[in-house]
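A.B. asks: A single structure is presented below for examination.
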Amino acid sequence: MIYELRVYDAVPGKLPALNARFEKVTMGYFAKHGLKVAGFWADEVGTSNRLTYLLAFEDMAARDTAWAAFRADQERLKVFEETERDGPLVARIENTIMRPTAYSPMQ
């Protein structure tokens, strides 16, 4: 298994809209395209406009295939465009691909 940690810094004031899009829209497209969510987090202390989530994949090939399908989904693109008619929701995205150590409980 590999894990992808993604950190989204929302445009100021847009974190509620970003959370709503993930809950009501993105999660369905993730399921459709095989992006397995391990969890979502909001910073309790620290950056107030940040959303962090973790995805799990069998390997890099599975990750690349799932993301390619998600990004190419024309229906999803239209829905995302509608959610950003008042401007973008995300100012910055940071992602890291991680492989568990031999002693990690998450394999």
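Letters for chains follow the order of the structure tokens (A, B, ...), residue numbers begin at 1 for each chain, and ligand numbers begin at 1 in the order shown.
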If you count only C-alpha atoms, which residues fall within 8 Å of A:Thr52, apart from same-chain ones fewer than 4 positions away, as a ChimeraX atom specification?
C.D. replies: /A:5-8,40-42
A.B. asks: Could those residues be written to a file, using C-alpha atoms, as a PDB file, in the first residue's frame?
C.D. replies:
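Below is the file selection_19.pdb, written as the result:
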ATOM      1  CA  LEU A   5      -1.443  12.942   2.055  1.00  0.00           C
ATOM      2  CA  ARG A   6      -3.126  16.010   0.578  1.00  0.00           C
ATOM      3  CA  VAL A   7      -3.306  19.400   2.277  1.00  0.00           C
ATOM      4  CA  TYR A   8      -5.624  22.067   0.867  1.00  0.00           C
ATOM      5  CA  PHE A  40     -10.285  13.861   6.506  1.00  0.00           C
ATOM      6  CA  TRP A  41      -9.084  16.367   9.096  1.00  0.00           C
ATOM      7  CA  ALA A  42      -9.560  20.042   9.871  1.00  0.00           C
TER       8      ALA A  42
END
A.B. asks: Please list as an MDAnalysis selection string every residue within 10 Å of stretch 71-76 of chain A, counting only C-alpha atoms and excluding residues in the same chain fewer than 2 positions away.
C.D. replies: chainID A and resid 25:26 28:29 33 66:69 78:82
A.B. asks: Write out the residues from the selection above, keeping C-alpha atoms, as a JSON list (two decimals), in the first residue's frame.
C.D. replies:
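What ended up in part01.json:
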[["chain", "number", "residue", "atom", "x", "y", "z"],
["A", 25, "VAL", "CA", -19.79, 16.01, -4.57],
["A", 26, "THR", "CA", -16.18, 14.90, -4.43],
["A", 28, "GLY", "CA", -19.03, 10.36, -4.90],
["A", 29, "TYR", "CA", -16.49, 10.89, -7.66],
["A", 33, "HIS", "CA", -12.95, 6.33, -9.72],
["A", 66, "ALA", "CA", -7.58, 6.60, -10.36],
["A", 67, "TRP", "CA", -6.44, 10.22, -10.50],
["A", 68, "ALA", "CA", -6.38, 10.22, -14.32],
["A", 69, "ALA", "CA", -9.98, 8.98, -14.45],
["A", 78, "LYS", "CA", -18.82, 20.68, -14.89],
["A", 79, "VAL", "CA", -19.97, 20.25, -11.29],
["A", 80, "PHE", "CA", -16.68, 21.61, -9.94],
["A", 81, "GLU", "CA", -16.96, 24.57, -12.30],
["A", 82, "GLU", "CA", -20.41, 25.32, -10.86]]
A.B. asks: Can you list every residue in stretch 20-79 of chain A that DSSP puts in strand (DSSP E), as a list in words?
C.D. replies: Lys36, Val37, Ala38, Gly39, Phe40, Trp41, Ala42, Arg50, Leu51, Thr52, Tyr53, Leu54, Leu55, Ala56 and Phe57 of chain A
A.B. asks: Run DSSP on the backbone and grab whatever in chain A lands in helix (DSSP H, G or I); send it over as an NGL selection string.
C.D. replies: :A and (15-33 or 60-72 or 74-83)
A.B. asks: May I ask for the distance between atom CA of A:Met60 and atom CA of A:Phe22, given in Å to one decimal place?
C.D. replies: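 These atoms are spaced 23.2 Å apart.
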A.B. asks: Would you please work out which residue, of A:Lys36, A:Arg21, A:Lys14, A:Arg99, is nearest to A:Arg63 when using only C-alpha atoms?
C.D. replies: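 With only C-alpha atoms as the atom set, the closest residue is A:Lys36.
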A.B. asks: By how many Å are atom CA of A:Asp64 and atom CA of A:Met106 apart?
C.D. replies: 20.9 Å
A.B. asks: Just the number, please: distance in Å from atom CA of A:Phe30 to atom CA of A:Leu77, one decimal.
C.D. replies: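 Separating atom CA of A:Phe30 from atom CA of A:Leu77 is a distance of 13.1 Å.
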A.B. asks: Of the residues A:Val45, A:Ala17, A:Ala62, A:Ala38, which is the one nearest to A:Thr83, using only C-alpha atoms?
C.D. replies: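 Checking each of A:Val45, A:Ala17, A:Ala62, A:Ala38 against A:Thr83, counting only C-alpha atoms, the winner is A:Ala17.
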A.B. asks: So, with only C-alpha atoms as the atoms that count, which of A:Arg85, A:Ala31, A:Asp43, A:Asp59 lies closest to A:Pro100?
C.D. replies: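 Distance minimum relative to A:Pro100 lands on A:Asp59.
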A.B. asks: Kindly indicate which residue among A:Ile2, A:Ile97, A:Pro105, A:Phe70 lies nearest to A:Lys32, using only C-alpha atoms for the distances.
C.D. replies: A:Phe70
A.B. asks: Given only C-alpha atoms as the basis, pick out the residue of A:Leu35, A:Met27, A:Leu54, A:Ala61 nearest to A:Glu94.
C.D. replies: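 Distance minimum relative to A:Glu94 lands on A:Leu54.
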